[in-house]
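Colleague: The following file, entry_15.pdb, comprises PDB, C-alpha atoms and all ligand atoms:
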```pdb
ATOM      1  CA  MET A   1       0.000   0.000   0.000
ATOM      2  CA  ALA A   2       2.791   2.385   0.932
ATOM      3  CA  ALA A   3       4.619   1.544  -2.307
ATOM      4  CA  VAL A   4       1.540   2.264  -4.375
ATOM      5  CA  SER A   5       1.130   5.602  -2.665
ATOM      6  CA  LEU A   6       4.769   6.493  -3.209
ATOM      7  CA  LEU A   7       4.331   5.752  -6.881
ATOM      8  CA  ARG A   8       1.259   7.963  -6.886
ATOM      9  CA  CYS A   9       3.356  10.684  -5.242
ATOM     10  CA  CYS A  10       6.060  10.272  -7.878
ATOM     11  CA  GLN A  11       3.462  10.951 -10.481
ATOM     12  CA  GLY A  12       3.248  14.176  -8.557
ATOM     13  CA  ALA A  13       5.656  15.700 -11.042
ATOM     14  CA  ARG A  14       2.417  16.180 -12.837
ATOM     15  CA  LEU A  15       1.217  18.301  -9.947
ATOM     16  CA  LEU A  16       3.298  21.148 -11.180
ATOM     17  CA  LEU A  17       2.328  20.673 -14.783
ATOM     18  CA  ARG A  18      -1.192  19.473 -14.375
ATOM     19  CA  PRO A  19      -2.401  18.628 -17.831
ATOM     20  CA  GLN A  20      -5.593  20.111 -19.033
ATOM     21  CA  ILE A  21      -7.105  19.362 -22.323
ATOM     22  CA  VAL A  22      -7.242  22.617 -24.155
ATOM     23  CA  LYS A  23      -8.652  22.996 -27.589
ATOM     24  CA  HIS A  24      -7.160  25.586 -29.807
ATOM     25  CA  THR A  25      -7.898  26.459 -33.347
ATOM     26  CA  LEU A  26      -5.279  28.185 -35.378
ATOM     27  CA  PRO A  27      -6.982  30.811 -37.476
ATOM     28  CA  GLY A  28      -5.302  32.450 -40.400
ATOM     29  CA  LEU A  29      -3.269  29.489 -41.592
ATOM     30  CA  ALA A  30      -2.948  29.220 -45.330
ATOM     31  CA  HIS A  31      -4.104  25.667 -45.796
ATOM     32  CA  PRO A  32      -7.848  25.350 -45.207
ATOM     33  CA  ASP A  33      -7.504  21.768 -43.882
ATOM     34  CA  VAL A  34      -5.073  22.847 -41.196
ATOM     35  CA  ALA A  35      -6.885  26.057 -40.400
ATOM     36  CA  SER A  36     -10.161  24.292 -39.693
ATOM     37  CA  ARG A  37      -8.688  21.424 -37.669
ATOM     38  CA  ALA A  38      -9.005  21.609 -33.895
ATOM     39  CA  ILE A  39      -5.648  20.792 -32.335
ATOM     40  CA  THR A  40      -5.733  19.196 -28.903
ATOM     41  CA  PHE A  41      -2.715  19.529 -26.649
ATOM     42  CA  THR A  42      -1.854  19.627 -22.968
ATOM     43  CA  ALA A  43      -0.920  22.790 -21.128
ATOM     44  CA  PRO A  44       0.048  23.591 -17.515
ATOM     45  CA  SER A  45      -2.762  24.647 -15.189
ATOM     46  CA  LEU A  46      -2.827  28.258 -14.047
ATOM     47  CA  SER A  47      -1.192  27.457 -10.739
ATOM     48  CA  ALA A  48       0.168  24.409  -8.931
ATOM     49  CA  LEU A  49      -1.399  25.952  -5.807
ATOM     50  CA  ASP A  50      -4.805  25.210  -7.333
ATOM     51  CA  TYR A  51      -4.037  21.543  -6.863
ATOM     52  CA  PHE A  52      -3.431  21.895  -3.130
ATOM     53  CA  ARG A  53      -6.226  24.381  -2.435
ATOM     54  CA  ALA A  54      -8.563  22.944   0.221
ATOM     55  CA  ARG A  55     -11.901  22.060  -1.276
ATOM     56  CA  ARG A  56     -15.024  21.985   0.857
ATOM     57  CA  GLY A  57     -17.612  20.161  -1.115
ATOM     58  CA  PRO A  58     -19.898  19.301  -2.720
ATOM     59  CA  PHE A  59     -20.152  16.487  -0.195
ATOM     60  CA  THR A  60     -21.855  13.154  -0.714
ATOM     61  CA  PRO A  61     -24.780  12.378   1.637
ATOM     62  CA  ALA A  62     -22.520   9.905   3.487
ATOM     63  CA  GLU A  63     -19.874  12.592   3.991
ATOM     64  CA  LYS A  64     -22.475  15.080   5.213
ATOM     65  CA  LYS A  65     -23.509  12.654   7.965
ATOM     66  CA  GLY A  66     -19.918  12.582   9.227
ATOM     67  CA  HIS A  67     -19.854  16.413   9.480
ATOM     68  CA  HIS A  68     -16.789  16.483   7.265
ATOM     69  CA  LYS A  69     -15.056  19.811   6.951
ATOM     70  CA  LEU A  70     -12.598  18.838   4.213
ATOM     71  CA  MET A  71     -13.050  16.645   1.191
ATOM     72  CA  ALA A  72     -11.277  13.281   1.340
ATOM     73  CA  SER A  73      -9.102  14.304  -1.604
ATOM     74  CA  THR A  74      -7.928  17.412   0.285
ATOM     75  CA  HIS A  75      -7.126  15.305   3.340
ATOM     76  CA  TRP A  76      -5.186  12.904   1.092
ATOM     77  CA  LYS A  77      -3.139  15.802  -0.281
ATOM     78  CA  VAL A  78      -2.384  17.181   3.205
ATOM     79  CA  GLU A  79      -1.184  13.714   4.244
ATOM     80  CA  ARG A  80       1.161  13.616   1.256
ATOM     81  CA  LEU A  81       2.412  17.160   1.889
ATOM     82  CA  VAL A  82       3.293  16.141   5.450
ATOM     83  CA  ALA A  83       5.086  12.987   4.187
ATOM     84  CA  ILE A  84       6.980  15.003   1.551
ATOM     85  CA  GLY A  85       7.811  17.634   4.183
ATOM     86  CA  MET A  86       9.453  14.972   6.349
ATOM     87  CA  ILE A  87      11.906  14.186   3.563
ATOM     88  CA  GLY A  88      13.335  17.693   4.025
ATOM     89  CA  ILE A  89      12.873  18.010   7.764
ATOM     90  CA  MET A  90      14.590  14.764   8.771
ATOM     91  CA  PRO A  91      18.031  15.436   7.236
ATOM     92  CA  THR A  92      17.875  19.107   8.255
ATOM     93  CA  CYS A  93      17.373  18.058  11.876
ATOM     94  CA  LEU A  94      20.653  16.150  11.811
ATOM     95  CA  PHE A  95      22.661  19.295  11.088
ATOM     96  CA  TYR A  96      20.556  22.106  12.518
ATOM     97  CA  HIS A  97      19.534  21.647  16.141
ATOM     98  CA  ALA A  98      17.104  24.386  17.020
ATOM     99  CA  PRO A  99      13.773  24.484  18.886
ATOM    100  CA  ILE A 100      11.882  25.132  15.654
ATOM    101  CA  MET A 101      13.329  21.952  14.139
ATOM    102  CA  ASP A 102      12.486  19.980  17.315
ATOM    103  CA  HIS A 103       8.855  21.042  17.088
ATOM    104  CA  LEU A 104       8.644  20.591  13.311
ATOM    105  CA  LEU A 105      10.046  17.062  13.517
ATOM    106  CA  SER A 106       7.772  16.114  16.431
ATOM    107  CA  THR A 107       4.675  17.503  14.741
ATOM    108  CA  PHE A 108       5.287  16.079  11.274
ATOM    109  CA  VAL A 109       6.343  12.601  12.416
ATOM    110  CA  LEU A 110       3.486  12.383  14.890
ATOM    111  CA  LEU A 111       0.894  13.608  12.377
ATOM    112  CA  HIS A 112       2.192  11.197   9.755
ATOM    113  CA  GLY A 113       2.309   8.295  12.189
ATOM    114  CA  TYR A 114      -1.165   9.185  13.484
ATOM    115  CA  TRP A 115      -2.732   9.181  10.013
ATOM    116  CA  GLY A 116      -0.789   6.096   8.946
ATOM    117  CA  MET A 117      -1.845   4.019  11.957
ATOM    118  CA  GLU A 118      -5.373   5.469  11.798
ATOM    119  CA  GLY A 119      -5.606   3.923   8.319
ATOM    120  CA  VAL A 120      -4.247   0.626   9.609
ATOM    121  CA  CYS A 121      -6.801   0.701  12.478
ATOM    122  CA  THR A 122      -9.650   1.427  10.053
ATOM    123  CA  ASP A 123      -8.566  -1.311   7.648
ATOM    124  CA  TYR A 124      -7.708  -4.116  10.062
ATOM    125  CA  ILE A 125      -8.729  -3.477  13.685
ATOM    126  CA  GLU A 126     -11.938  -1.431  13.642
ATOM    127  CA  LYS A 127     -14.196  -4.338  12.722
ATOM    128  CA  PHE A 128     -13.009  -6.366  15.721
ATOM    129  CA  PHE A 129     -12.677  -3.458  18.132
ATOM    130  CA  PRO A 130     -14.527  -0.298  17.060
ATOM    131  CA  TYR A 131     -13.167   1.824  19.944
ATOM    132  CA  ILE A 132      -9.589   1.536  18.694
ATOM    133  CA  HIS A 133      -9.785   5.053  17.215
ATOM    134  CA  TYR A 134     -10.403   6.637  20.614
ATOM    135  CA  ILE A 135      -7.450   4.748  22.078
ATOM    136  CA  TRP A 136      -5.159   5.659  19.200
ATOM    137  CA  ARG A 137      -6.181   9.324  19.401
ATOM    138  CA  ALA A 138      -5.473   9.363  23.160
ATOM    139  CA  VAL A 139      -2.075   7.677  22.636
ATOM    140  CA  THR A 140      -1.170  10.261  19.979
ATOM    141  CA  ILE A 141      -2.210  13.208  22.156
ATOM    142  CA  PHE A 142      -0.158  11.869  25.090
ATOM    143  CA  ALA A 143       2.806  11.240  22.805
ATOM    144  CA  PHE A 144       2.599  14.762  21.390
ATOM    145  CA  ALA A 145       2.339  16.271  24.863
ATOM    146  CA  GLY A 146       5.392  14.231  25.892
ATOM    147  CA  LEU A 147       7.407  15.379  22.902
ATOM    148  CA  VAL A 148       6.493  19.032  23.447
ATOM    149  CA  HIS A 149       7.461  18.675  27.119
ATOM    150  CA  PHE A 150      10.765  17.070  26.107
ATOM    151  CA  ASN A 151      11.454  19.813  23.549
ATOM    152  CA  TYR A 152      10.801  22.593  26.070
ATOM    153  CA  ASN A 153      12.427  21.118  29.152
ATOM    154  CA  ASP A 154      15.217  18.953  27.811
ATOM    155  CA  VAL A 155      17.640  18.859  24.890
ATOM    156  CA  GLY A 156      14.926  18.405  22.246
ATOM    157  CA  VAL A 157      14.375  15.541  19.838
ATOM    158  CA  CYS A 158      16.999  16.575  17.258
ATOM    159  CA  LYS A 159      19.808  16.788  19.791
ATOM    160  CA  ALA A 160      18.561  13.609  21.486
ATOM    161  CA  ILE A 161      18.782  11.677  18.200
ATOM    162  CA  ALA A 162      22.296  13.058  17.591
ATOM    163  CA  MET A 163      23.326  12.051  21.124
ATOM    164  CA  LEU A 164      21.940   8.538  20.575
ATOM    165  CA  TRP A 165      24.009   8.213  17.411
ATOM    166  CA  GLU A 166      27.130   9.235  19.291
ATOM    167  CA  LEU A 167      26.732   6.287  21.650
TER
HETATM  168  C1  LIG B 201      10.664  10.817   5.289
HETATM  169  C2  LIG B 201      10.100   9.818   5.914
HETATM  170  C3  LIG B 201       8.783   9.179   5.504
HETATM  171  C4  LIG B 201       8.094   9.233   4.334
HETATM  172  C5  LIG B 201       8.440   9.963   3.035
HETATM  173  C6  LIG B 201       6.896   8.441   4.492
HETATM  174  C7  LIG B 201       5.917   8.254   3.518
HETATM  175  C8  LIG B 201       4.831   7.435   3.659
HETATM  176  C9  LIG B 201       3.855   7.165   2.637
HETATM  177  C10 LIG B 201       3.849   7.765   1.244
HETATM  178  C11 LIG B 201       2.955   6.298   3.150
HETATM  179  C12 LIG B 201       1.772   5.688   2.441
HETATM  180  C13 LIG B 201       0.472   6.279   2.925
HETATM  181  C14 LIG B 201      -0.707   5.476   2.426
HETATM  182  O1  LIG B 201      -0.545   4.470   1.757
HETATM  183  O2  LIG B 201      -1.829   5.864   2.737
HETATM  184  C15 LIG B 201       3.341   6.019   4.510
HETATM  185  C16 LIG B 201       2.658   5.189   5.353
HETATM  186  C17 LIG B 201       2.930   5.068   6.683
HETATM  187  N1  LIG B 201       3.972   5.647   7.379
HETATM  188 FE1  LIG B 201       5.415   6.768   6.569
HETATM  189  N2  LIG B 201       6.877   7.932   5.756
HETATM  190  C18 LIG B 201       8.009   8.361   6.416
HETATM  191  C19 LIG B 201       8.368   8.111   7.724
HETATM  192  C20 LIG B 201       7.556   7.479   8.648
HETATM  193  C21 LIG B 201       7.832   7.385  10.066
HETATM  194  C22 LIG B 201       9.052   7.979  10.791
HETATM  195  C23 LIG B 201       6.813   6.692  10.623
HETATM  196  C24 LIG B 201       6.631   6.313  12.080
HETATM  197  C25 LIG B 201       6.180   7.193  12.931
HETATM  198  C26 LIG B 201       5.895   6.337   9.555
HETATM  199  C27 LIG B 201       4.713   5.648   9.727
HETATM  200  C28 LIG B 201       3.866   5.276   8.707
HETATM  201  C29 LIG B 201       2.692   4.429   8.869
HETATM  202  C30 LIG B 201       2.202   3.818  10.181
HETATM  203  C31 LIG B 201       2.114   4.290   7.598
HETATM  204  C32 LIG B 201       0.855   3.493   7.233
HETATM  205  C33 LIG B 201       1.275   2.155   6.629
HETATM  206  C34 LIG B 201       0.127   1.479   5.929
HETATM  207  O3  LIG B 201      -0.889   2.113   5.602
HETATM  208  O4  LIG B 201       0.262   0.276   5.668
HETATM  209  N3  LIG B 201       6.379   6.838   8.377
HETATM  210  N4  LIG B 201       4.491   6.709   4.794
END
```
Please express what this file holds, its structure, as structure tokens.
Ligand code: HEM
Modeller:
Amino acid sequence: MAAVSLLRCCQGARLLLRPQIVKHTLPGLAHPDVASRAITFTAPSLSALDYFRARRGPFTPAEKKGHHKLMASTHWKVERLVAIGMIGIMPTCLFYHAPIMDHLLSTFVLLHGYWGMEGVCTDYIEKFFPYIHYIWRAVTIFAFAGLVHFNYNDVGVCKAIAMLWEL
């Protein structure tokens, strides 16, 4: 599943050049055959930001029941942005130990892990034990509180990882 998603992300090169089918006619060409032919080609969308803009509907009746605030596709994109963000944050943390990096690393890894395991819970555990989501949410909140506490009152996660490596 993770591999499939990574492949989907790699197709993300298309995010920046999102193809749209645009029909153009070329008026004024000498040959009447060419002049009248509609040429179809792909062109970049106006902005790559359009792709990541949060969309809020229209929702399906099932989604409306769940009081959803974001469309599933927007949530999917945010998950991928967080995963892509980690690729930059993780190596940066090795060389740049600062409180901002401690909090960025904690937040991104925890968010990513939360969503990842939430999917695993939904797919495999929920049908045997429906309350698993409450437990997982509580575990994540405690873990985040612990990391924030560690970042404020101790060396911070970046420095801690570096110190572990020095062992
Ligand atoms: C730069 C580092 C990382 C990248 C780029 C990355 C990327 C991804 C991607 C693309 C997926 C697939 C999501 C899906 O299929 O819905 C995934 C799944 C997952 N990741 Fe990561 N990840 C990274 C690090 C981590 C770390 C440090 C953890 C642990 C906290 C983690 C935990 C998970 C979990 C639990 C899943 C769900 C697996 C599943 O659905 O079978 N990942 N990750």
Colleague: Using all atoms of ligand LIG 201 (chain B) that appear in the file, construct an axis-aligned enclosing box with 4 Å of padding on every side and provide its centre coordinates and edge lengths in Å, rounded to one decimal, as JSON.
Modeller:
```
{"center_x": 4.4, "center_y": 5.5, "center_z": 7.1, "size_x": 20.5, "size_y": 18.5, "size_z": 19.7}
```
Colleague: Find the residue from A:Thr60, A:Trp165, A:Pro99, A:Leu110 that sits nearest to Phe142 of chain A; use only C-alpha atoms when measuring.
Modeller: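 Checking each of A:Thr60, A:Trp165, A:Pro99, A:Leu110 against Phe142 of chain A, counting only C-alpha atoms, the winner is A:Leu110.
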Colleague: What do you get as a PDB file with C-alpha atoms, keeping the file's coordinate frame if you pick all residues at most 12 Å from ligand LIG 201 (chain B), counting only C-alpha atoms and all ligand atoms?
Modeller:
```pdb
ATOM      1  CA  MET A   1       0.000   0.000   0.000  1.00  0.00           C
ATOM      2  CA  ALA A   2       2.791   2.385   0.932  1.00  0.00           C
ATOM      3  CA  ALA A   3       4.619   1.544  -2.307  1.00  0.00           C
ATOM      4  CA  VAL A   4       1.540   2.264  -4.375  1.00  0.00           C
ATOM      5  CA  SER A   5       1.130   5.602  -2.665  1.00  0.00           C
ATOM      6  CA  LEU A   6       4.769   6.493  -3.209  1.00  0.00           C
ATOM      7  CA  LEU A   7       4.331   5.752  -6.881  1.00  0.00           C
ATOM      8  CA  ARG A   8       1.259   7.963  -6.886  1.00  0.00           C
ATOM      9  CA  CYS A   9       3.356  10.684  -5.242  1.00  0.00           C
ATOM     10  CA  CYS A  10       6.060  10.272  -7.878  1.00  0.00           C
ATOM     11  CA  GLY A  12       3.248  14.176  -8.557  1.00  0.00           C
ATOM     12  CA  SER A  73      -9.102  14.304  -1.604  1.00  0.00           C
ATOM     13  CA  HIS A  75      -7.126  15.305   3.340  1.00  0.00           C
ATOM     14  CA  TRP A  76      -5.186  12.904   1.092  1.00  0.00           C
ATOM     15  CA  LYS A  77      -3.139  15.802  -0.281  1.00  0.00           C
ATOM     16  CA  VAL A  78      -2.384  17.181   3.205  1.00  0.00           C
ATOM     17  CA  GLU A  79      -1.184  13.714   4.244  1.00  0.00           C
ATOM     18  CA  ARG A  80       1.161  13.616   1.256  1.00  0.00           C
ATOM     19  CA  LEU A  81       2.412  17.160   1.889  1.00  0.00           C
ATOM     20  CA  VAL A  82       3.293  16.141   5.450  1.00  0.00           C
ATOM     21  CA  ALA A  83       5.086  12.987   4.187  1.00  0.00           C
ATOM     22  CA  ILE A  84       6.980  15.003   1.551  1.00  0.00           C
ATOM     23  CA  GLY A  85       7.811  17.634   4.183  1.00  0.00           C
ATOM     24  CA  MET A  86       9.453  14.972   6.349  1.00  0.00           C
ATOM     25  CA  ILE A  87      11.906  14.186   3.563  1.00  0.00           C
ATOM     26  CA  GLY A  88      13.335  17.693   4.025  1.00  0.00           C
ATOM     27  CA  ILE A  89      12.873  18.010   7.764  1.00  0.00           C
ATOM     28  CA  MET A  90      14.590  14.764   8.771  1.00  0.00           C
ATOM     29  CA  PRO A  91      18.031  15.436   7.236  1.00  0.00           C
ATOM     30  CA  THR A  92      17.875  19.107   8.255  1.00  0.00           C
ATOM     31  CA  CYS A  93      17.373  18.058  11.876  1.00  0.00           C
ATOM     32  CA  LEU A 105      10.046  17.062  13.517  1.00  0.00           C
ATOM     33  CA  SER A 106       7.772  16.114  16.431  1.00  0.00           C
ATOM     34  CA  THR A 107       4.675  17.503  14.741  1.00  0.00           C
ATOM     35  CA  PHE A 108       5.287  16.079  11.274  1.00  0.00           C
ATOM     36  CA  VAL A 109       6.343  12.601  12.416  1.00  0.00           C
ATOM     37  CA  LEU A 110       3.486  12.383  14.890  1.00  0.00           C
ATOM     38  CA  LEU A 111       0.894  13.608  12.377  1.00  0.00           C
ATOM     39  CA  HIS A 112       2.192  11.197   9.755  1.00  0.00           C
ATOM     40  CA  GLY A 113       2.309   8.295  12.189  1.00  0.00           C
ATOM     41  CA  TYR A 114      -1.165   9.185  13.484  1.00  0.00           C
ATOM     42  CA  TRP A 115      -2.732   9.181  10.013  1.00  0.00           C
ATOM     43  CA  GLY A 116      -0.789   6.096   8.946  1.00  0.00           C
ATOM     44  CA  MET A 117      -1.845   4.019  11.957  1.00  0.00           C
ATOM     45  CA  GLU A 118      -5.373   5.469  11.798  1.00  0.00           C
ATOM     46  CA  GLY A 119      -5.606   3.923   8.319  1.00  0.00           C
ATOM     47  CA  VAL A 120      -4.247   0.626   9.609  1.00  0.00           C
ATOM     48  CA  CYS A 121      -6.801   0.701  12.478  1.00  0.00           C
ATOM     49  CA  THR A 122      -9.650   1.427  10.053  1.00  0.00           C
ATOM     50  CA  ASP A 123      -8.566  -1.311   7.648  1.00  0.00           C
ATOM     51  CA  TYR A 124      -7.708  -4.116  10.062  1.00  0.00           C
ATOM     52  CA  TRP A 136      -5.159   5.659  19.200  1.00  0.00           C
ATOM     53  CA  THR A 140      -1.170  10.261  19.979  1.00  0.00           C
ATOM     54  CA  ALA A 143       2.806  11.240  22.805  1.00  0.00           C
ATOM     55  CA  PHE A 144       2.599  14.762  21.390  1.00  0.00           C
TER      56      PHE A 144
END
```
Colleague: Find the distance between atom CA of Asp102 of chain A and atom CA of Tyr152 of chain A and write it in Å to one decimal.
Modeller: 9.3 Å
Colleague: With distances taken over all atoms listed in the file, which residue among A:Ala72, A:Leu49, A:Ala62, A:Val157 lies nearest Ile100 of chain A?
Modeller: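 Counting all atoms listed in the file, the residue closest to Ile100 of chain A is A:Val157.
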Colleague: Take atom CA of Leu167 of chain A and atom CA of Asn151 of chain A and report the distance between them in Å, one decimal.
Modeller: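 Interatomic distance here is 20.5 Å.
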Colleague: Please report the interatomic distance between atom CA of Val148 of chain A and atom CA of Phe95 of chain A in Å with one decimal.
Modeller: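 If I compute the distance from atom CA of Val148 of chain A to atom CA of Phe95 of chain A, I get 20.4 Å.
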Colleague: Determine the nearest neighbour of Met163 of chain A from the options A:Thr74, A:Asp50, A:Leu94, A:Pro130, counting all atoms listed in the file.
Modeller: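 For Met163 of chain A, the nearest of the given residues is A:Leu94.
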